[in-house]
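Content type mmCIF, C-alpha atoms, from the file upload.cif:
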data_work
loop_
_atom_site.label_atom_id
_atom_site.label_comp_id
_atom_site.auth_asym_id
_atom_site.auth_seq_id
_atom_site.Cartn_x
_atom_site.Cartn_y
_atom_site.Cartn_z
CA VAL A 9 -26.47 -45.33 -32.83
CA ALA A 10 -24.07 -46.79 -30.27
CA GLY A 11 -23.42 -44.47 -27.35
CA THR A 12 -26.53 -42.40 -27.97
CA ASP A 13 -28.41 -41.55 -24.79
CA LEU A 14 -31.96 -41.87 -26.03
CA ILE A 15 -33.38 -40.72 -22.72
CA THR A 16 -31.47 -37.44 -22.91
CA VAL A 17 -32.74 -36.87 -26.44
CA TYR A 18 -36.29 -37.62 -25.27
CA LEU A 19 -36.01 -35.27 -22.29
CA THR A 20 -34.78 -32.48 -24.58
CA GLU A 21 -37.88 -32.94 -26.75
CA LEU A 22 -40.16 -33.01 -23.72
CA ARG A 23 -38.53 -29.90 -22.27
CA ARG A 24 -39.08 -28.09 -25.56
CA ASP A 25 -42.76 -29.09 -25.61
CA LEU A 26 -43.34 -28.06 -22.01
CA ARG A 27 -41.00 -25.10 -21.85
CA ARG A 28 -43.72 -22.63 -20.95
CA ARG A 29 -44.62 -24.51 -17.78
CA ARG A 30 -43.21 -22.99 -14.65
CA ASP A 31 -42.47 -26.44 -13.24
CA VAL A 32 -40.75 -27.77 -16.37
CA ASP A 33 -37.53 -28.57 -14.46
CA ASP A 34 -39.45 -30.64 -11.91
CA VAL A 35 -41.45 -32.47 -14.58
CA VAL A 36 -38.33 -33.32 -16.57
CA ALA A 37 -36.48 -34.45 -13.42
CA GLU A 38 -39.39 -36.68 -12.47
CA VAL A 39 -39.64 -38.19 -15.94
CA GLU A 40 -35.89 -38.77 -16.07
CA ASP A 41 -36.00 -40.58 -12.73
CA HIS A 42 -38.76 -42.83 -14.06
CA LEU A 43 -37.06 -43.58 -17.38
CA ARG A 44 -33.63 -44.31 -15.85
CA GLU A 45 -35.26 -46.55 -13.25
CA VAL A 46 -37.05 -48.59 -15.92
CA ALA A 47 -33.95 -48.74 -18.16
CA THR A 48 -31.84 -49.94 -15.22
CA TRP A 49 -34.42 -52.63 -14.47
CA HIS A 50 -34.14 -53.92 -18.03
CA VAL A 51 -30.32 -53.78 -18.01
CA GLU A 52 -30.19 -55.79 -14.77
CA ARG A 53 -32.12 -58.49 -16.61
CA GLY A 54 -29.56 -58.71 -19.38
CA MET A 55 -30.75 -56.17 -21.91
CA GLU A 56 -28.33 -53.95 -23.84
CA PRO A 57 -28.38 -50.37 -22.47
CA VAL A 58 -29.63 -48.78 -25.68
CA THR A 59 -32.34 -51.43 -26.09
CA ALA A 60 -33.27 -50.96 -22.44
CA GLN A 61 -33.70 -47.22 -22.97
CA ARG A 62 -35.77 -47.86 -26.08
CA HIS A 63 -38.06 -50.18 -24.09
CA ALA A 64 -38.37 -47.63 -21.27
CA LEU A 65 -39.30 -44.91 -23.74
CA GLY A 66 -41.75 -47.20 -25.56
CA GLN A 67 -43.59 -47.93 -22.32
CA PHE A 68 -43.61 -44.28 -21.32
CA GLY A 69 -45.18 -42.86 -24.48
CA THR A 70 -43.88 -40.31 -26.96
CA SER A 71 -43.09 -36.79 -25.78
CA THR A 72 -46.06 -35.63 -27.85
CA ILE A 73 -48.47 -37.92 -25.98
CA VAL A 74 -47.08 -36.90 -22.60
CA ALA A 75 -47.06 -33.19 -23.45
CA ARG A 76 -50.65 -33.49 -24.65
CA ALA A 77 -51.65 -35.21 -21.43
CA PHE A 78 -50.15 -32.34 -19.45
CA ALA A 79 -51.84 -29.84 -21.74
CA ARG A 80 -55.24 -31.47 -21.18
CA GLN A 81 -54.79 -31.34 -17.45
CA ASP A 82 -53.89 -27.66 -17.71
CA HIS A 83 -56.50 -26.66 -20.31
CA GLY A 84 -53.88 -26.34 -23.02
CA ARG A 85 -51.71 -23.83 -21.20
CA GLY A 86 -47.99 -24.12 -21.54
CA ILE A 87 -47.82 -26.52 -24.46
CA ALA A 88 -46.00 -25.50 -27.60
CA MET A 89 -45.93 -27.79 -30.60
CA PRO A 90 -46.63 -27.59 -34.32
CA THR A 91 -49.88 -29.29 -35.25
CA THR A 92 -51.76 -29.70 -38.50
CA SER A 93 -53.87 -26.64 -37.76
CA THR A 94 -50.98 -24.41 -36.68
CA ARG A 95 -49.16 -25.46 -39.85
CA ARG A 96 -52.17 -24.45 -41.93
CA GLY A 97 -52.09 -21.19 -40.03
CA GLY A 98 -48.88 -20.53 -41.90
CA LEU A 99 -50.93 -20.09 -45.07
CA LEU A 100 -53.00 -17.34 -43.46
CA TRP A 101 -50.01 -15.03 -43.03
CA PRO A 102 -49.27 -14.48 -46.74
CA LEU A 103 -53.01 -14.61 -47.45
CA THR A 104 -53.39 -11.58 -45.19
CA ALA A 105 -51.06 -9.51 -47.36
CA LEU A 106 -52.56 -10.89 -50.58
CA LEU A 107 -56.05 -9.78 -49.51
CA LEU A 108 -55.21 -6.45 -47.90
CA ALA A 109 -53.04 -5.08 -50.72
CA PRO A 110 -55.71 -5.20 -53.51
CA GLY A 111 -58.35 -4.20 -50.93
CA PHE A 112 -56.40 -1.01 -50.23
CA VAL A 113 -55.99 -0.26 -53.91
CA LEU A 114 -59.71 -0.73 -54.64
CA VAL A 115 -60.96 1.24 -51.63
CA LEU A 116 -58.44 4.05 -51.45
CA HIS A 117 -57.52 4.48 -55.09
CA GLU A 118 -59.85 2.92 -57.64
CA SER A 119 -63.13 3.84 -55.95
CA TRP A 120 -61.95 7.45 -55.64
CA ARG A 121 -60.93 7.52 -59.25
CA THR A 122 -64.07 5.92 -60.65
CA TRP A 123 -66.69 6.76 -57.96
CA ASP A 124 -67.94 3.21 -58.42
CA VAL A 125 -69.76 1.79 -55.37
CA GLY A 126 -69.26 -1.76 -56.63
CA VAL A 127 -65.50 -1.25 -56.72
CA PHE A 128 -65.60 0.17 -53.22
CA TRP A 129 -67.50 -2.81 -51.79
CA ARG A 130 -65.26 -5.33 -53.50
CA GLY A 131 -62.38 -3.57 -51.81
CA ALA A 132 -64.21 -3.53 -48.47
CA VAL A 133 -64.79 -7.28 -48.66
CA LEU A 134 -61.11 -7.86 -49.42
CA VAL A 135 -60.07 -5.67 -46.49
CA GLY A 136 -62.49 -7.47 -44.13
CA ALA A 137 -61.25 -10.85 -45.35
CA GLY A 138 -57.63 -9.72 -44.98
CA LEU A 139 -58.14 -8.61 -41.40
CA THR A 140 -59.95 -11.88 -40.62
CA ALA A 141 -57.04 -13.84 -42.11
CA LEU A 142 -54.66 -11.76 -39.99
CA LEU A 143 -56.68 -12.57 -36.88
CA GLY A 144 -56.66 -16.30 -37.73
CA ALA A 145 -52.92 -16.24 -38.39
CA MET A 146 -52.30 -14.57 -35.03
CA VAL A 147 -54.54 -17.03 -33.16
CA LEU A 148 -52.82 -20.07 -34.68
CA THR A 149 -49.36 -18.60 -34.18
CA ARG A 150 -50.20 -17.97 -30.55
CA ARG A 151 -51.45 -21.54 -30.17
CA ARG A 152 -48.34 -22.91 -31.87
CA HIS A 153 -46.17 -21.33 -29.24
CA GLY A 154 -48.25 -22.31 -26.25
CA GLY A 155 -49.53 -18.86 -25.48
CA SER A 156 -45.97 -17.60 -25.13
CA THR A 157 -47.07 -14.17 -26.37
CA GLY A 158 -48.70 -13.74 -22.97
CA ARG A 159 -51.17 -11.04 -22.06
CA ARG A 160 -49.83 -8.66 -24.70
CA GLY A 161 -50.62 -11.25 -27.35
CA THR A 162 -54.18 -11.53 -26.05
CA ILE A 163 -54.66 -7.75 -26.08
CA ALA A 164 -53.24 -7.64 -29.61
CA LEU A 165 -55.76 -10.27 -30.74
CA VAL A 166 -58.62 -8.25 -29.25
CA MET A 167 -57.42 -5.09 -31.00
CA VAL A 168 -57.25 -6.78 -34.41
CA ALA A 169 -60.62 -8.48 -33.79
CA LEU A 170 -62.17 -5.09 -33.00
CA SER A 171 -60.79 -3.68 -36.26
CA VAL A 172 -62.53 -6.30 -38.43
CA PRO A 173 -66.15 -4.95 -38.36
CA PRO A 174 -65.18 -1.33 -39.09
CA GLY A 175 -62.64 -2.59 -41.62
CA LEU A 176 -65.51 -4.23 -43.52
CA LEU A 177 -68.42 -1.85 -42.88
CA LEU A 178 -66.65 1.50 -42.47
CA THR A 179 -63.74 0.86 -44.78
CA TRP A 180 -63.76 4.46 -45.88
CA PHE A 181 -62.80 5.69 -42.40
CA THR A 182 -59.39 4.17 -42.73
CA PRO A 183 -57.82 5.72 -39.61
CA ILE A 184 -60.43 4.05 -37.36
CA TRP A 185 -59.65 0.45 -38.18
CA MET A 186 -56.20 0.76 -39.68
CA THR A 187 -54.71 2.37 -36.58
CA LEU A 188 -56.37 -0.17 -34.32
CA ALA A 189 -55.19 -3.09 -36.45
CA THR A 190 -51.68 -1.65 -36.71
CA ALA A 191 -51.48 -1.18 -32.96
CA GLY A 192 -52.54 -4.82 -32.61
CA CYS A 193 -49.86 -5.90 -35.11
CA VAL A 194 -47.17 -3.92 -33.30
CA LEU A 195 -48.17 -5.30 -29.91
CA PHE A 196 -48.25 -8.86 -31.27
CA GLY A 197 -44.91 -8.30 -32.99
CA LEU A 198 -43.37 -7.04 -29.76
CA ALA A 199 -44.70 -10.08 -27.89
CA LEU A 200 -43.29 -12.43 -30.54
CA TYR A 201 -40.01 -10.55 -30.59
CA GLU A 202 -39.65 -10.79 -26.83
CA ALA A 203 -40.60 -14.46 -26.73
CA GLY A 204 -38.04 -15.14 -29.47
CA VAL A 205 -40.19 -17.93 -30.90
CA LEU A 206 -40.14 -16.79 -34.55
CA PRO A 207 -37.43 -15.21 -36.72
CA ARG A 208 -37.00 -11.69 -35.38
CA PRO A 209 -36.25 -10.11 -38.79
CA ALA A 210 -39.61 -11.47 -40.01
CA VAL A 211 -41.40 -10.06 -36.96
CA THR A 212 -39.66 -6.71 -37.47
CA LEU A 213 -40.65 -6.53 -41.16
CA PHE A 214 -44.24 -7.37 -40.26
CA GLY A 215 -44.60 -4.78 -37.48
CA ALA A 216 -42.56 -2.04 -39.13
CA GLY A 217 -44.36 -2.52 -42.44
CA ALA A 218 -47.76 -2.06 -40.79
CA VAL A 219 -46.54 1.10 -39.02
CA ILE A 220 -45.09 2.62 -42.20
CA VAL A 221 -48.27 2.00 -44.22
CA THR A 222 -50.50 3.47 -41.53
CA GLY A 223 -48.07 6.32 -40.94
CA SER A 224 -48.23 7.11 -44.67
CA MET A 225 -51.99 7.42 -44.36
CA TRP A 226 -51.78 9.77 -41.41
CA ALA A 227 -48.94 11.86 -42.84
CA GLY A 228 -50.90 12.74 -45.97
CA GLY A 229 -53.93 14.24 -44.26
CA PRO A 230 -57.49 13.98 -45.67
CA LEU A 231 -57.92 11.91 -48.81
CA GLU A 232 -59.88 14.62 -50.59
CA ALA A 233 -56.86 16.90 -50.17
CA GLY A 234 -54.49 14.43 -51.80
CA GLY A 235 -53.76 12.67 -48.52
CA ASP A 236 -52.89 9.42 -50.21
CA ARG A 237 -49.77 10.78 -51.88
CA PHE A 238 -47.50 9.09 -49.32
CA LEU A 239 -49.51 5.86 -49.36
CA TRP A 240 -48.98 5.40 -53.09
CA GLY A 241 -45.49 6.88 -53.01
CA PRO A 242 -42.19 5.38 -51.84
CA PRO A 243 -43.09 5.31 -48.10
CA GLY A 244 -46.33 3.38 -48.59
CA LEU A 245 -44.70 1.08 -51.13
CA LEU A 246 -41.81 0.40 -48.77
CA GLY A 247 -44.20 -0.34 -45.89
CA GLY A 248 -46.34 -2.59 -48.06
CA VAL A 249 -43.37 -4.59 -49.27
CA ALA A 250 -41.99 -4.93 -45.73
CA PHE A 251 -45.38 -6.06 -44.38
CA THR A 252 -45.80 -8.57 -47.22
CA LEU A 253 -42.30 -9.98 -46.78
CA GLY A 254 -42.78 -10.23 -43.00
CA CYS A 255 -46.10 -12.06 -43.44
CA ALA A 256 -44.61 -14.42 -46.04
CA TRP A 257 -41.63 -15.18 -43.80
CA LEU A 258 -43.77 -15.83 -40.73
CA GLY A 259 -46.07 -18.02 -42.82
CA TYR A 260 -43.22 -20.00 -44.29
CA THR A 261 -41.78 -20.62 -40.82
CA LEU A 262 -45.06 -22.07 -39.55
CA TRP A 263 -45.79 -24.00 -42.74
CA SER A 264 -42.35 -25.62 -42.90
CA GLU A 265 -42.70 -27.25 -39.48
CA GLN A 266 -43.51 -30.94 -39.23
CA PRO A 267 -46.88 -31.35 -37.44
CA ARG A 268 -46.64 -33.57 -34.39
CA ASP A 269 -50.28 -34.42 -33.82
CA VAL A 270 -50.43 -36.97 -36.63
CA GLY A 271 -51.09 -40.39 -35.15
CA ALA A 272 -50.75 -39.14 -31.58
CA GLY A 273 -52.25 -41.36 -28.91
CA LEU A 274 -54.80 -40.55 -26.28
CA ALA A 275 -54.26 -39.18 -22.85
CA VAL A 276 -56.16 -40.46 -19.87
CA SER A 277 -57.82 -37.96 -17.60
CA MET B 11 -58.06 -53.05 -21.67
CA ARG B 12 -58.08 -49.80 -23.62
CA ALA B 13 -56.90 -46.67 -21.85
CA GLU B 14 -60.15 -45.00 -22.91
CA THR B 15 -62.01 -47.33 -20.54
CA LEU B 16 -60.03 -45.91 -17.66
CA LYS B 17 -61.38 -42.42 -18.09
CA GLY B 18 -63.06 -41.27 -14.95
CA HIS B 19 -61.60 -44.09 -12.84
CA LEU B 20 -57.91 -43.25 -12.93
CA ASP B 21 -58.18 -40.77 -10.06
CA LEU B 22 -59.78 -43.38 -7.80
CA MET B 23 -57.16 -45.98 -8.66
CA LEU B 24 -54.27 -43.60 -8.10
CA LEU B 25 -55.65 -42.45 -4.76
CA ALA B 26 -56.18 -46.07 -3.73
CA VAL B 27 -52.59 -47.00 -4.62
CA VAL B 28 -51.07 -43.99 -2.85
CA SER B 29 -53.19 -44.69 0.25
CA ASP B 30 -50.77 -47.60 0.94
CA GLY B 31 -48.06 -45.08 1.78
CA ALA B 32 -45.68 -42.57 0.22
CA LEU B 33 -44.59 -43.71 -3.25
CA HIS B 34 -42.73 -42.26 -6.21
CA GLY B 35 -44.27 -42.15 -9.68
CA TYR B 36 -42.69 -45.30 -11.02
CA ALA B 37 -43.70 -47.27 -7.93
CA ILE B 38 -47.27 -46.01 -8.26
CA ILE B 39 -47.41 -47.17 -11.87
CA GLU B 40 -45.90 -50.54 -10.90
CA ARG B 41 -48.50 -51.03 -8.16
CA LEU B 42 -51.23 -50.07 -10.59
CA ARG B 43 -49.93 -52.66 -13.02
CA GLU B 44 -49.55 -55.39 -10.39
CA ARG B 45 -52.96 -54.86 -8.83
CA SER B 46 -54.67 -54.83 -12.21
CA ALA B 47 -52.69 -57.86 -13.40
CA ASP B 48 -51.46 -55.82 -16.39
CA ALA B 49 -55.05 -55.19 -17.47
CA PHE B 50 -54.55 -51.51 -18.23
CA ASP B 51 -52.53 -50.67 -21.28
CA LEU B 52 -51.76 -46.97 -21.08
CA PRO B 53 -48.61 -44.97 -21.75
CA GLU B 54 -46.90 -44.63 -18.38
CA GLY B 55 -46.12 -41.00 -19.06
CA THR B 56 -49.80 -40.07 -19.02
CA VAL B 57 -50.06 -41.01 -15.33
CA TYR B 58 -47.83 -38.12 -14.25
CA PRO B 59 -50.17 -35.35 -15.42
CA ALA B 60 -52.95 -37.06 -13.46
CA LEU B 61 -50.76 -37.18 -10.34
CA HIS B 62 -49.98 -33.47 -10.74
CA ARG B 63 -53.67 -32.69 -11.10
CA LEU B 64 -54.52 -34.64 -7.95
CA GLN B 65 -51.82 -32.71 -6.15
CA ARG B 66 -53.22 -29.39 -7.34
CA ALA B 67 -56.64 -30.53 -6.15
CA GLY B 68 -55.17 -31.03 -2.68
CA TYR B 69 -55.63 -34.82 -2.69
CA LEU B 70 -51.92 -35.60 -2.88
CA ASP B 71 -48.86 -33.98 -1.42
CA SER B 72 -45.37 -34.42 -2.79
CA SER B 73 -41.82 -33.95 -1.65
CA TRP B 74 -38.41 -34.41 -3.25
CA THR B 75 -35.76 -36.84 -2.12
CA SER B 76 -32.30 -37.52 -3.50
CA GLY B 77 -30.90 -40.91 -4.33
CA SER B 78 -28.68 -42.54 -6.97
CA GLY B 79 -27.61 -39.05 -8.03
CA ARG B 80 -31.15 -38.21 -9.10
CA ARG B 81 -33.97 -36.18 -7.65
CA ARG B 82 -37.07 -38.21 -6.91
CA ARG B 83 -40.57 -36.96 -6.21
CA VAL B 84 -42.58 -38.91 -3.69
CA TYR B 85 -46.36 -38.63 -3.40
CA GLU B 86 -48.55 -39.23 -0.38
CA LEU B 87 -52.23 -38.96 0.36
CA THR B 88 -53.50 -35.89 2.20
CA ALA B 89 -56.40 -35.93 4.66
CA GLU B 90 -58.58 -34.37 1.98
CA GLY B 91 -57.37 -37.04 -0.45
CA GLY B 92 -58.37 -39.71 2.04
CA ARG B 93 -61.87 -38.32 2.23
CA ALA B 94 -62.04 -38.09 -1.57
CA LEU B 95 -60.89 -41.71 -1.81
CA GLU B 96 -63.64 -42.90 0.54
CA ARG B 97 -66.24 -40.90 -1.34
CA GLN B 98 -65.12 -42.13 -4.76
CA ARG B 99 -64.80 -45.70 -3.50
CA ALA B 100 -68.39 -45.65 -2.23
CA GLU B 101 -69.60 -44.22 -5.52
CA TRP B 102 -67.68 -46.84 -7.45
CA GLU B 103 -69.03 -49.72 -5.35
CA ALA B 104 -72.58 -48.50 -5.82
CA PHE B 105 -72.01 -48.06 -9.55
CA ALA B 106 -70.31 -51.44 -9.97
CA ALA B 107 -73.06 -53.19 -8.01
CA SER B 108 -75.74 -51.57 -10.16
CA VAL B 109 -74.03 -52.48 -13.41
CA GLY B 110 -73.47 -56.00 -12.09
CA ARG B 111 -77.15 -56.44 -11.34
CA VAL B 112 -78.10 -55.26 -14.83
CA VAL B 113 -75.51 -57.35 -16.64
CA GLU B 114 -76.11 -60.50 -14.66
CA GLY B 115 -79.89 -60.11 -14.65
CA ARG B 116 -80.20 -60.20 -10.89
CA PRO B 117 -83.38 -58.69 -9.43
CA TRP B 118 -83.24 -55.40 -7.56
CA PRO B 119 -83.63 -55.82 -3.80
CA GLU B 120 -87.19 -55.40 -2.59
CA PRO B 121 -87.74 -52.10 -0.82
CA THR B 122 -88.11 -52.57 2.90
#
Would you mind writing the structure in this file as structure tokens?
Amino acid sequence: VAGTDLITVYLTELRRDLRRRRDVDDVVAEVEDHLREVATWHVERGMEPVTAQRHALGQFGTSTIVARAFARQDHGRGIAMPTTSTRRGGLLWPLTALLLAPGFVLVLHESWRTWDVGVFWRGAVLVGAGLTALLGAMVLTRRRHGGSTGRRGTIALVMVALSVPPGLLLTWFTPIWMTLATAGCVLFGLALYEAGVLPRPAVTLFGAGAVIVTGSMWAGGPLEAGGDRFLWGPPGLLGGVAFTLGCAWLGYTLWSEQPRDVGAGLAVS
Amino acid sequence: MRAETLKGHLDLMLLAVVSDGALHGYAIIERLRERSADAFDLPEGTVYPALHRLQRAGYLDSSWTSGSGRRRRVYELTAEGGRALERQRAEWEAFAASVGRVVEGRPWPEPT
């Protein structure tokens, strides 16, 4: 398009990819100096300005290649871009809710009603798988945004990871793993909310839903004394729906992004 | 020549180019291209991360100048970078000589 400053567009893309680097302003200034210098060189030899910019950008490499080269030098820190794997991570978010919901029903309702060990273990496997899917979704979301969830995001991952073994093996002792996992979800949600990298209503639904479900467990007291009345009542239902919607929304956001690692070139080290 | 071939040698080449004097990124890439007679085909943008890494390693120092309404970063070799250059150059010469002897079928020198 006539009048389009391709270099400015390129620098905007590069700034977005490297935005977590502390020296992003310096990197962008340095790259701009290079690109304008090359474009000027071409213009002085008779090339049209837009064509000259296109040549300069072609020689320089796509913003993806350059951002990857920086990421490799810095062990992956500070780079934020959707890739094939982070896009697939989008599927793990709704999968989390799809696995946890029936797992809860089997462990905390059906196995109590029927006293069937097989039902209980099927539920335990679903809960363990759901927590593992949650962990995977959090890891890939964190990678997608270049570690922008910071230390809180790391602590949240550890908390959810620690909840997986008891979630599978000690499913019955719900408060042990559920509280730990919920605390991890809340911490991760807060980190995402603060970073502003994903839709905040989705993050709020996700975190608040987890808190309401776990709160319903605690509010009811021991299961043998009818402690699940809130979990299966309006509060638990509300929390479950909010958590599921939040997961689906977060997943859709990641899944709908165009991966930028397809056909990317190499970076020299 | 593929960029992959450059792996492991880019640091040496960049240090050698910058040892000529303070240069900005574009000039470094131009010198690299001239001295190699356009033999290396790599995206220019991938040289900057390597320059930044060499700076973090203490081999290069950089400063900002202003000109043509733009900020420009200029790199120069540090004393430590000079020592690293000599070390890497010696390693490269020994390596290249060894490969040359193997490829060309020349006999190894007799031990004295």
Handout entry: Residues returned when the PyMOL selection byres ((chain B and resi 39) around 10) runs on this file, as JSON, numbers by chain
Key = {"A": [42], "B": [24, 27, 33, 34, 35, 36, 37, 38, 40, 41, 42, 43, 44, 45, 54, 55, 57, 58]}
Practice task
Show me as JSON, numbers by chain the residues that reach within 10 Å of (-32.8, -42.1, -29.5), counting all atoms listed in the file and using the file's own coordinates.
Solution key: {"A": [9, 10, 11, 12, 13, 14, 15, 16, 17, 18, 58, 59, 61, 62, 65]}
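Rounded to one decimal, atom CA of Val172 of chain A and atom CA of Thr104 of chain A lie 12.5 Å from each other.
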Practice task
Output the residue selection produced by the PyMOL selection byres ((chain A and resi 111) around 8) on the file above, formatted as a PyMOL selection string.
Solution key: chain A and resi 107-110+112-115+130-135
Per-residue nearest contacts chain B to chain A, cut-off 10 Å, using all atoms listed in the file, as CSV:
residue,atom,partner,partner_atom,distance
B:Ala13,CA,A:Val276,CA,6.6
B:Glu14,CA,A:Val276,CA,6.8
B:Thr15,CA,A:Val276,CA,9.0
B:Leu16,CA,A:Val276,CA,7.0
B:Lys17,CA,A:Ser277,CA,5.7
B:Gly18,CA,A:Ser277,CA,6.7
B:His19,CA,A:Ser277,CA,8.6
B:Leu20,CA,A:Ser277,CA,7.1
B:Asp21,CA,A:Ser277,CA,8.1
B:His34,CA,A:His42,CA,8.8
B:Gly35,CA,A:His42,CA,7.1
B:Tyr36,CA,A:His42,CA,5.5
B:Ala37,CA,A:His42,CA,9.0
B:Ile39,CA,A:His42,CA,9.9
B:Asp51,CA,A:Gln67,CA,9.4
B:Leu52,CA,A:Val276,CA,8.0
B:Pro53,CA,A:Gly69,CA,4.9
B:Glu54,CA,A:Phe68,CA,4.4
B:Gly55,CA,A:Phe68,CA,4.7
B:Thr56,CA,A:Val74,CA,5.5
B:Val57,CA,A:Val276,CA,7.6
B:Tyr58,CA,A:Phe78,CA,8.1
B:Pro59,CA,A:Phe78,CA,5.0
B:Ala60,CA,A:Ser277,CA,6.5
B:His62,CA,A:Gln81,CA,8.5
B:Arg63,CA,A:Gln81,CA,6.6
B:Trp74,CA,A:Asp34,CA,9.5
B:Gly77,CA,A:Asp41,CA,9.8
B:Ser78,CA,A:Asp41,CA,9.5
B:Gly79,CA,A:Asp41,CA,9.7
B:Arg80,CA,A:Asp41,CA,6.5
B:Arg81,CA,A:Ala37,CA,6.5
B:Arg82,CA,A:Glu38,CA,6.2
B:Arg83,CA,A:Glu38,CA,6.4
B:Val84,CA,A:Glu38,CA,9.6
Handout entry: Result set of the PyMOL selection byres ((chain A and resi 97) around 10) on the coordinates above, as a PyMOL selection string
Key = chain A and resi 91-96+98-103+141-142+144-149+151-152+258-260+262-263
